[in-house]
Amino acid sequence: MKHSNKTSPDTSIAGAVAIIPMLLGTAPFGVIFGAFAVEMGLGHQGGQSMSLFVFAGSAQFVGASLYGQGVSLLVVAITTFFINLRHTLYGASLGPKLLSVSPRQRLLMAFFLTDETFSIVSRFRIVRPRYYWGAALSMYINWQVWTFVGLISGSYIREVISVNLAFVMVPAFLAIITSHVNSVSSTFCALSAMGISVLLFELPHQLGLMVAGVTAIVLTLLFEKLTSSRSSATNKAKQ
Amino acid sequence: MNIISVIFVMLIVTFSIRACSLMLFSGQTLPPLMMRALSMVPIAILSAICGPLIFLPEGAWTNPAVSVEFWAALSCVGAARYGMVPAIILSMTIYIIGKLFIS
């Protein structure tokens with residue numbers, strides 16, 4: 001798996017354009033979340049506020065559901081923690097790519113770090129702040145708009161959109177994965193992550209995603225070490 | 001439990017997770033093995049997100065040969081060499097047609 005040697009463009013427009021496929025993919029989610037928030041009793045202000053201040057798609061669905069069930073704040077905190085745990089890997093991966101970015105700006109960037117924004121900016125070895133902001137703010141505004149549409153349209157739209165909404169994001173993610181996959185080891189990493197996540201699907205709070213991701217990375221490192229030692233042994237034998 | 005406290009707790013937890021790792025690793029020169037591992041994060045996590053959605057679309061194992069999700073995903077991977085947008089359009093077209101007329 002090769003590192004991308006590219007530096008991201010230095011304009012916010014480029015970031016906003018790059019994330020357009022993700023905007024289309026998350027639109028139905030936003031609508032459904034708005035409708036769901038009303039159903040769970042968050043009200044219009046509560047639903048919109050959750051999108052404004054939390055800005056974490058799947059965690060918002062679960063948070064709204066837990067609020068509807070009237071569970072304790074501790075349960076909300078623990079559940080949110082586990083659902084968003086994969087973001088630790090996003091931050092760790094993105095951190096070294098953000099050169100010359102002040103700590104204050106990094107803190108702001110962290111608030112807007114979602115699956116979609118990460119998938120777009122992670123293609124580059126160095127990420128320019130303007131590019132990040134273009135992508136991240138487009139996603140944020142998009143999420144607010146579609147949440148609002150869901151809040152005012154209520155359950156009507158939820159009934160109309162009956163397909164498996166979660167799949168809407170898959171083509172965009174797959175296209176990004178394919179652009180990253182350029183060697184045997186990266187193919188191994190992608191396939192093993194998929195396989196393990198399928199096996200661990202039953203784990204609560206989407207923990208399977210995190211475990212599958214970390215396990216696939218460790219397995220790929222071992223795979224690379226094994227293949228490189230084999231090839232060096234073969235070269236020695238030839239000499 | 002009111003909605004303001006729920007949102008506040010979720011905000012603190014979500015932001016802390018995102019901010020801690022981003023701040024901790026920013027501007028640091030990491031060991032090569034660590035950099036190698038982190039370079040695989042996009043592939044590993046995005047693949048982990050996609051896996052169950054492709055192979056367990058209804059929450060249970062579905063034979064890929066008869067799964068609209070699988071064929072839509074496969075077409076996306078095949079078309080990705082022509083660019084992200086064509087791949088997404090082709091995949092979504094197959095998915096929607098499959099859902100409307102086959103499933």
# chains A, B, ... in the order shown; residues from 1 in each chain; ligands from 1
>>> residues_around(residues="Ile7 (chain B)", least_positions_apart="4", cutoff="8 Å", atoms="only C-alpha atoms", output="PyMOL selection string")
(chain A and resi 49-50+53-54) or (chain B and resi 3+11)
>>> write_last_selection(atoms="N, CA and C atoms", output="compact mmCIF listing (two decimals), in the first residue's frame")
# COMPACT_ATOMS: atom_id res chain seq x y z
N SER A 49 -31.19 21.15 17.17
CA SER A 49 -30.05 21.43 18.06
C SER A 49 -29.09 20.25 18.11
N MET A 50 -29.65 19.04 18.10
CA MET A 50 -28.76 17.87 18.12
C MET A 50 -27.88 17.85 16.88
N PHE A 53 -25.24 20.79 17.26
CA PHE A 53 -24.20 20.73 18.29
C PHE A 53 -23.49 19.37 18.40
N VAL A 54 -24.14 18.31 17.97
CA VAL A 54 -23.50 17.00 18.07
C VAL A 54 -22.87 16.62 16.73
N ILE B 3 -33.81 17.34 27.11
CA ILE B 3 -33.09 17.23 25.83
C ILE B 3 -31.79 18.05 25.83
N LEU B 11 -22.51 16.09 22.95
CA LEU B 11 -21.54 17.04 22.40
C LEU B 11 -20.17 16.85 23.04
>>> select_by_dssp(residues="region 20-88 of chain A", states="alpha helix (DSSP H)", output="PyMOL selection string")
chain A and resi 20-39+43-53+57-69+73-83+87-88
>>> interface_residues(of="chain B", to="chain A", cutoff="7 Å", atoms="only C-alpha atoms", output="number ranges by chain")
B: 1, 3, 6-7, 9-11, 13-15, 17-19, 21-23, 25-28, 37-53, 73, 76-77, 80, 84, 87-88, 91
>>> atom_distance(atom1="CA of Ile126 (chain A)", atom2="CA of Leu23 (chain A)")
23.1 Å
>>> closest_residue(among="B:Phe8, B:Leu33, B:Val68, B:Asn2", to="Phe101 (chain B)", atoms="only C-alpha atoms")
B:Val68
>>> closest_residue(among="A:Met22, A:Gly34, A:Leu203, A:Ser231", to="Gln144 (chain A)", atoms="only C-alpha atoms")
A:Gly34
